[in-house]
$ cat my_file06.cif   # mmCIF, C-alpha atoms
data_data
#
loop_
_atom_site.label_atom_id
_atom_site.label_comp_id
_atom_site.auth_asym_id
_atom_site.auth_seq_id
_atom_site.Cartn_x
_atom_site.Cartn_y
_atom_site.Cartn_z
CA MET A 244 16.91 -7.67 -13.08
CA ILE A 245 15.39 -5.28 -10.52
CA TYR A 246 13.15 -3.85 -13.23
CA GLN A 247 11.92 -7.36 -14.14
CA ILE A 248 11.15 -8.22 -10.52
CA ILE A 249 9.25 -5.04 -9.74
CA ILE A 250 7.64 -3.52 -12.80
CA PRO A 251 6.16 -6.36 -14.90
CA GLN A 252 5.62 -8.73 -11.99
CA PHE A 253 4.07 -6.27 -9.52
CA SER A 254 1.90 -4.83 -12.31
CA LYS A 255 0.72 -8.33 -13.17
CA MET A 256 -0.10 -9.21 -9.57
CA LEU A 257 -2.01 -5.95 -9.06
CA GLY A 258 -3.91 -6.72 -12.28
CA ASN A 259 -4.68 -10.17 -10.92
CA LEU A 260 -6.15 -8.48 -7.83
CA LEU A 261 -8.45 -6.48 -10.12
CA THR A 262 -9.68 -9.74 -11.66
CA ILE A 263 -10.14 -11.30 -8.23
CA PHE A 264 -12.18 -8.27 -7.15
CA ASP A 265 -14.49 -8.88 -10.12
CA ARG A 266 -15.14 -12.32 -8.67
CA ALA A 267 -15.72 -10.82 -5.22
CA ALA A 268 -18.33 -8.43 -6.63
CA MET A 269 -20.11 -11.30 -8.40
CA HIS A 270 -20.01 -13.35 -5.18
CA ALA A 271 -21.59 -10.56 -3.15
CA GLU A 272 -24.27 -10.02 -5.80
CA THR A 273 -25.06 -13.75 -6.06
CA LYS A 274 -25.21 -14.20 -2.28
CA LYS A 275 -27.16 -10.94 -1.90
CA PHE A 276 -24.95 -9.05 0.55
CA GLU A 277 -23.22 -5.70 0.43
CA LEU A 278 -19.72 -5.86 -1.04
CA GLU A 279 -18.50 -3.53 1.72
CA VAL A 280 -18.76 -6.51 4.08
CA LEU A 281 -15.86 -8.09 2.19
CA LEU A 282 -13.92 -4.84 2.00
CA HIS A 283 -13.85 -4.64 5.79
CA ALA A 284 -13.21 -8.35 6.36
CA ARG A 285 -9.96 -9.55 7.95
CA LEU A 286 -8.39 -12.91 8.72
CA ALA A 287 -7.69 -12.11 12.37
CA PRO A 288 -8.84 -9.37 14.73
CA ASP A 289 -5.36 -7.84 14.89
CA GLN A 290 -4.75 -7.85 11.11
CA PHE A 291 -5.58 -5.15 8.59
CA ASP A 292 -8.87 -5.43 6.74
CA LEU A 293 -9.05 -6.05 2.99
CA ILE A 294 -8.99 -2.36 2.06
CA ARG A 295 -5.84 -1.75 4.10
CA GLN A 296 -4.15 -4.87 2.70
CA VAL A 297 -4.62 -3.49 -0.81
CA GLN A 298 -3.48 0.00 0.21
CA VAL A 299 -0.25 -1.40 1.67
CA ALA A 300 0.37 -3.65 -1.36
CA CYS A 301 -0.06 -0.64 -3.64
CA ASP A 302 2.18 1.56 -1.49
CA THR A 303 4.85 -1.14 -1.35
CA ALA A 304 4.83 -1.48 -5.16
CA LYS A 305 4.91 2.23 -5.97
CA LEU A 306 7.28 3.33 -3.19
CA GLY A 307 9.54 0.32 -3.63
CA ALA A 308 10.00 1.19 -7.29
CA ALA A 309 10.31 4.90 -6.56
CA ARG A 310 12.93 4.48 -3.84
CA LEU A 311 14.98 2.03 -5.87
CA ALA A 312 14.93 4.36 -8.87
CA ASP A 313 15.53 7.45 -6.69
CA LYS A 314 12.23 8.96 -7.89
CA GLU A 315 10.26 9.01 -4.65
CA GLN A 316 9.17 12.60 -5.27
CA ASP A 317 7.33 11.42 -8.42
CA ALA A 318 5.25 8.72 -6.71
CA PRO A 319 1.51 9.35 -6.75
CA SER A 320 -0.05 10.30 -3.45
CA HIS A 321 -2.88 8.16 -2.09
CA PRO A 322 -4.46 9.43 1.16
CA ASP A 323 -5.84 6.00 2.25
CA THR A 324 -9.48 7.11 2.08
CA GLU A 325 -10.85 4.32 -0.12
CA GLN A 326 -14.15 2.89 1.08
CA SER A 327 -15.62 1.26 -2.04
CA LEU A 328 -14.55 -1.28 -4.62
CA ALA A 329 -14.54 1.45 -7.27
CA GLU A 330 -12.07 3.50 -5.19
CA ILE A 331 -9.86 0.46 -4.54
CA ARG A 332 -9.86 -0.37 -8.23
CA MET A 333 -8.87 3.23 -9.06
CA ARG A 334 -5.96 3.04 -6.62
CA ILE A 335 -4.71 -0.25 -8.03
CA GLN A 336 -4.99 1.08 -11.60
CA SER A 337 -3.19 4.28 -10.60
CA VAL A 338 -0.26 2.25 -9.27
CA ILE A 339 -0.17 0.01 -12.37
CA THR A 340 -0.09 3.14 -14.53
CA TYR A 341 2.68 4.65 -12.41
CA LEU A 342 4.76 1.47 -12.58
CA GLY A 343 4.42 1.66 -16.36
CA THR A 344 6.40 4.93 -16.36
CA PHE A 345 9.64 3.18 -15.33
CA SER A 346 12.29 1.84 -17.66
CA GLU A 347 15.10 -0.61 -17.03
CA ALA A 348 17.54 2.32 -17.09
CA ASP A 349 15.80 3.80 -14.03
CA PHE A 350 17.17 0.92 -11.96
CA ALA A 351 20.75 0.95 -13.30
CA HIS A 352 22.29 1.81 -9.92
CA ALA A 353 19.47 0.62 -7.68
CA ALA A 354 21.27 -2.37 -6.14
CA GLU A 355 23.99 -0.17 -4.63
CA ARG A 356 21.77 2.76 -3.61
CA ARG A 357 21.36 3.20 0.16
CA ILE A 358 17.69 3.29 1.11
CA THR A 359 16.20 4.43 4.36
CA GLN A 360 12.79 5.30 5.75
CA PRO A 361 11.87 7.49 8.72
CA ARG A 362 10.65 4.53 10.76
CA TRP A 363 14.07 2.87 10.44
CA LYS A 364 15.58 5.58 12.68
CA GLY A 365 18.76 6.33 10.75
CA LYS A 366 19.37 2.79 9.51
CA SER A 367 19.54 1.87 5.84
CA LEU A 368 19.65 -1.07 3.44
CA SER A 369 21.36 -1.43 0.11
CA GLY A 370 18.93 -1.38 -2.79
CA GLN A 371 19.39 -5.11 -3.28
CA GLU A 372 18.69 -5.80 0.41
CA PHE A 373 15.71 -3.45 0.32
CA LEU A 374 14.31 -5.23 -2.73
CA LEU A 375 14.87 -8.81 -1.61
CA GLN A 376 14.29 -8.51 2.14
CA HIS A 377 11.62 -5.82 2.33
CA VAL A 378 9.84 -4.87 -0.89
CA VAL A 379 9.24 -8.30 -2.43
CA PRO A 380 8.16 -10.12 0.75
CA ASN A 381 6.02 -7.20 1.96
CA PHE A 382 4.26 -6.84 -1.39
CA TYR A 383 3.45 -10.53 -1.68
CA PHE A 384 2.40 -10.75 1.97
CA HIS A 385 -0.30 -8.12 1.47
CA VAL A 386 -1.43 -9.36 -1.96
CA THR A 387 -1.66 -12.91 -0.60
CA THR A 388 -3.52 -11.77 2.50
CA ALA A 389 -6.03 -9.85 0.35
CA TYR A 390 -6.54 -13.01 -1.72
CA ALA A 391 -6.88 -15.12 1.46
CA ILE A 392 -9.48 -12.79 2.97
CA LEU A 393 -11.65 -13.14 -0.11
CA ARG A 394 -11.11 -16.90 -0.35
CA HIS A 395 -11.87 -17.30 3.36
CA ASN A 396 -15.15 -15.45 2.80
CA GLY A 397 -16.30 -17.81 0.08
CA VAL A 398 -15.20 -16.01 -3.07
CA GLU A 399 -14.52 -18.72 -5.62
CA VAL A 400 -10.94 -18.00 -6.57
CA GLY A 401 -7.99 -20.31 -6.78
CA LYS A 402 -4.28 -20.42 -7.42
CA LYS A 403 -4.76 -19.79 -11.16
CA ASP A 404 -6.55 -16.53 -10.33
CA TYR A 405 -3.76 -15.52 -7.96
CA LEU A 406 -0.95 -16.39 -10.40
CA GLY A 407 -2.72 -15.10 -13.51
CA GLU A 408 -1.56 -15.84 -17.02
CA LEU A 409 1.75 -17.66 -17.32
CA PRO A 410 4.02 -17.36 -20.38
CA TYR A 411 3.74 -21.01 -21.40
CA LYS A 412 5.41 -22.07 -24.62
CA GLU A 413 4.30 -24.98 -26.81
#
$ encode --input "my_file06.cif" --output "structure tokens"
Amino acid sequence: MIYQIIIPQFSKMLGNLLTIFDRAAMHAETKKFELEVLLHARLAPDQFDLIRQVQVACDTAKLGAARLADKEQDAPSHPDTEQSLAEIRMRIQSVITYLGTFSEADFAHAAERRITQPRWKGKSLSGQEFLLQHVVPNFYFHVTTAYAILRHNGVEVGKKDYLGELPYKE
């Protein structure tokens, strides 16, 4: 189940962000302003800007998967230097590609694995706790905030763009 929560779903949501960024680029072109204005926009003065929201969403997806699968050493490095839409798109695509390298077997013992991070100062969570109480909410917080920044700035996107394609059956 961990594989299903992280790999297909996070890949889909990151892909949805790529589609939403297409709309953002069209919006900036139509309204005749530099796209970088949107990339540095934020919802509140003390919140991260759009670029940083995407960086954190990408890091949460790749490092969440890597830590749960005990493959952190294999995670791609991103130095947080993106300044353009092209660079943001490359980062998102890099993470989607990386997520595609995982199999269900990689997460066989993930729920029981103890996971820690330096900022937790010696504390840890089980893999299941890490997934459900940190990775999933943190990922969706930053993806949603990126969406909200664009929506707040007039980019014509809606819930269908955020959710993407659904596997409806007739």
$ resolve_selection --input "my_file06.cif" --expression "the PyMOL selection byres ((chain A and resi 404) around 10)" --output "list in words"
Met256, Asn259, Leu260, Thr262, Ile263, Arg266, Tyr390, Glu399, Val400, Gly401, Lys402, Lys403, Tyr405, Leu406, Gly407 and Glu408 of chain A
$ resolve_selection --input "my_file06.cif" --expression "the PyMOL selection byres ((chain A and resi 325) around 12)" --output "list in words"
Glu279, Leu282, His283, Leu293, Ile294, Arg295, Gln296, Val297, Gln298, His321, Pro322, Asp323, Thr324, Gln326, Ser327, Leu328, Ala329, Glu330, Ile331, Arg332, Met333, Arg334 and Ile335 of chain A
$ write_last_selection --input "my_file06.cif" --atoms "C-alpha atoms" --output "PDB file, in the coordinates of the input"
ATOM      1  CA  GLU A 279     -18.500  -3.530   1.720  1.00  0.00           C
ATOM      2  CA  LEU A 282     -13.920  -4.840   2.000  1.00  0.00           C
ATOM      3  CA  HIS A 283     -13.850  -4.640   5.790  1.00  0.00           C
ATOM      4  CA  LEU A 293      -9.050  -6.050   2.990  1.00  0.00           C
ATOM      5  CA  ILE A 294      -8.990  -2.360   2.060  1.00  0.00           C
ATOM      6  CA  ARG A 295      -5.840  -1.750   4.100  1.00  0.00           C
ATOM      7  CA  GLN A 296      -4.150  -4.870   2.700  1.00  0.00           C
ATOM      8  CA  VAL A 297      -4.620  -3.490  -0.810  1.00  0.00           C
ATOM      9  CA  GLN A 298      -3.480   0.000   0.210  1.00  0.00           C
ATOM     10  CA  HIS A 321      -2.880   8.160  -2.090  1.00  0.00           C
ATOM     11  CA  PRO A 322      -4.460   9.430   1.160  1.00  0.00           C
ATOM     12  CA  ASP A 323      -5.840   6.000   2.250  1.00  0.00           C
ATOM     13  CA  THR A 324      -9.480   7.110   2.080  1.00  0.00           C
ATOM     14  CA  GLN A 326     -14.150   2.890   1.080  1.00  0.00           C
ATOM     15  CA  SER A 327     -15.620   1.260  -2.040  1.00  0.00           C
ATOM     16  CA  LEU A 328     -14.550  -1.280  -4.620  1.00  0.00           C
ATOM     17  CA  ALA A 329     -14.540   1.450  -7.270  1.00  0.00           C
ATOM     18  CA  GLU A 330     -12.070   3.500  -5.190  1.00  0.00           C
ATOM     19  CA  ILE A 331      -9.860   0.460  -4.540  1.00  0.00           C
ATOM     20  CA  ARG A 332      -9.860  -0.370  -8.230  1.00  0.00           C
ATOM     21  CA  MET A 333      -8.870   3.230  -9.060  1.00  0.00           C
ATOM     22  CA  ARG A 334      -5.960   3.040  -6.620  1.00  0.00           C
ATOM     23  CA  ILE A 335      -4.710  -0.250  -8.030  1.00  0.00           C
TER      24      ILE A 335
END
$ resolve_selection --input "my_file06.cif" --expression "the PyMOL selection byres ((chain A and resi 244) around 12)" --output "number ranges by chain"
A: 245-252, 346-354, 371, 374-375
$ atom_distance --input "my_file06.cif" --atom1 "atom CA of Thr273 of chain A" --atom2 "atom CA of Ile392 of chain A"
18.0 Å
$ closest_residue --input "my_file06.cif" --among "A:Val398, A:Leu409, A:Ala300, A:Val280" --to "Pro380 of chain A" --atoms "all atoms listed in the file"
A:Ala300
$ atom_distance --input "my_file06.cif" --atom1 "atom CA of Ile339 of chain A" --atom2 "atom CA of Leu257 of chain A"
7.1 Å
$ decode --input "my_file06.cif" --residues "segment 358-396 of chain A" --atoms "N, CA and C atoms" --output "CSV table (one decimal), in the first residue's frame"
chain,number,residue,atom,x,y,z
A,358,ILE,N,12.6,5.7,11.1
A,358,ILE,CA,13.1,6.8,10.2
A,358,ILE,C,13.4,8.0,11.1
A,359,THR,N,14.5,8.7,10.8
A,359,THR,CA,14.9,9.9,11.5
A,359,THR,C,15.5,10.9,10.6
A,360,GLN,N,15.6,12.1,11.0
A,360,GLN,CA,16.2,13.1,10.2
A,360,GLN,C,17.0,14.0,11.2
A,361,PRO,N,18.1,14.6,10.7
A,361,PRO,CA,18.9,15.4,11.7
A,361,PRO,C,18.1,16.4,12.5
A,362,ARG,N,17.2,17.1,11.9
A,362,ARG,CA,16.4,18.1,12.6
A,362,ARG,C,15.5,17.6,13.7
A,363,TRP,N,15.3,16.2,13.7
A,363,TRP,CA,14.5,15.6,14.7
A,363,TRP,C,15.3,15.3,16.0
A,364,LYS,N,16.6,15.6,16.0
A,364,LYS,CA,17.4,15.5,17.2
A,364,LYS,C,17.3,14.2,17.9
A,365,GLY,N,17.6,13.1,17.2
A,365,GLY,CA,17.6,11.8,17.8
A,365,GLY,C,16.3,11.1,17.9
A,366,LYS,N,15.2,11.7,17.6
A,366,LYS,CA,13.9,11.1,17.6
A,366,LYS,C,13.6,10.4,16.3
A,367,SER,N,12.7,9.5,16.3
A,367,SER,CA,12.4,8.8,15.0
A,367,SER,C,10.9,8.5,15.0
A,368,LEU,N,10.4,8.1,13.8
A,368,LEU,CA,9.1,7.6,13.6
A,368,LEU,C,9.1,6.2,12.9
A,369,SER,N,8.1,5.4,13.1
A,369,SER,CA,8.0,4.2,12.3
A,369,SER,C,7.7,4.7,10.8
A,370,GLY,N,8.0,3.8,9.9
A,370,GLY,CA,7.8,4.1,8.5
A,370,GLY,C,6.3,4.5,8.2
A,371,GLN,N,5.4,3.8,8.9
A,371,GLN,CA,4.0,4.1,8.7
A,371,GLN,C,3.7,5.5,9.3
A,372,GLU,N,4.2,5.8,10.5
A,372,GLU,CA,4.0,7.1,11.1
A,372,GLU,C,4.6,8.2,10.2
A,373,PHE,N,5.8,8.0,9.7
A,373,PHE,CA,6.5,8.9,8.8
A,373,PHE,C,5.7,9.2,7.6
A,374,LEU,N,5.1,8.1,7.0
A,374,LEU,CA,4.3,8.3,5.8
A,374,LEU,C,3.0,9.0,6.0
A,375,LEU,N,2.3,8.6,7.0
A,375,LEU,CA,0.9,9.1,7.2
A,375,LEU,C,0.9,10.5,8.0
A,376,GLN,N,1.9,10.7,8.8
A,376,GLN,CA,1.9,12.0,9.6
A,376,GLN,C,2.9,13.0,9.1
A,377,HIS,N,3.8,12.6,8.3
A,377,HIS,CA,4.8,13.6,7.8
A,377,HIS,C,4.8,13.7,6.3
A,378,VAL,N,5.1,12.6,5.6
A,378,VAL,CA,5.3,12.7,4.1
A,378,VAL,C,4.0,13.1,3.4
A,379,VAL,N,2.9,12.4,3.6
A,379,VAL,CA,1.7,12.7,2.8
A,379,VAL,C,1.2,14.1,3.1
A,380,PRO,N,1.0,14.5,4.4
A,380,PRO,CA,0.5,15.9,4.6
A,380,PRO,C,1.5,17.0,4.1
A,381,ASN,N,2.8,16.8,4.3
A,381,ASN,CA,3.8,17.8,3.9
A,381,ASN,C,3.8,17.9,2.3
A,382,PHE,N,3.7,16.8,1.6
A,382,PHE,CA,3.7,16.8,0.2
A,382,PHE,C,2.5,17.6,-0.3
A,383,TYR,N,1.3,17.2,0.2
A,383,TYR,CA,0.1,17.9,-0.3
A,383,TYR,C,0.0,19.3,0.2
A,384,PHE,N,0.5,19.7,1.3
A,384,PHE,CA,0.5,21.1,1.7
A,384,PHE,C,1.3,21.9,0.7
A,385,HIS,N,2.4,21.5,0.3
A,385,HIS,CA,3.2,22.3,-0.6
A,385,HIS,C,2.7,22.3,-2.0
A,386,VAL,N,2.2,21.2,-2.5
A,386,VAL,CA,1.5,21.1,-3.8
A,386,VAL,C,0.3,22.0,-3.8
A,387,THR,N,-0.5,21.9,-2.8
A,387,THR,CA,-1.7,22.8,-2.7
A,387,THR,C,-1.4,24.2,-2.6
A,388,THR,N,-0.3,24.6,-1.9
A,388,THR,CA,0.1,26.0,-1.7
A,388,THR,C,0.6,26.5,-3.1
A,389,ALA,N,1.3,25.7,-3.8
A,389,ALA,CA,1.8,26.1,-5.1
A,389,ALA,C,0.5,26.4,-6.0
A,390,TYR,N,-0.4,25.5,-6.0
A,390,TYR,CA,-1.7,25.7,-6.8
A,390,TYR,C,-2.4,27.0,-6.3
A,391,ALA,N,-2.5,27.2,-5.0
A,391,ALA,CA,-3.2,28.3,-4.5
A,391,ALA,C,-2.5,29.6,-4.8
A,392,ILE,N,-1.2,29.6,-4.9
A,392,ILE,CA,-0.4,30.9,-5.3
A,392,ILE,C,-0.8,31.2,-6.7
A,393,LEU,N,-0.8,30.3,-7.6
A,393,LEU,CA,-1.1,30.5,-9.0
A,393,LEU,C,-2.6,31.0,-9.1
A,394,ARG,N,-3.5,30.3,-8.5
A,394,ARG,CA,-4.9,30.6,-8.5
A,394,ARG,C,-5.2,32.0,-8.0
A,395,HIS,N,-4.5,32.3,-6.8
A,395,HIS,CA,-4.6,33.6,-6.2
A,395,HIS,C,-4.2,34.7,-7.2
A,396,ASN,N,-3.2,34.4,-8.0
A,396,ASN,CA,-2.7,35.4,-9.0
A,396,ASN,C,-3.4,35.4,-10.3
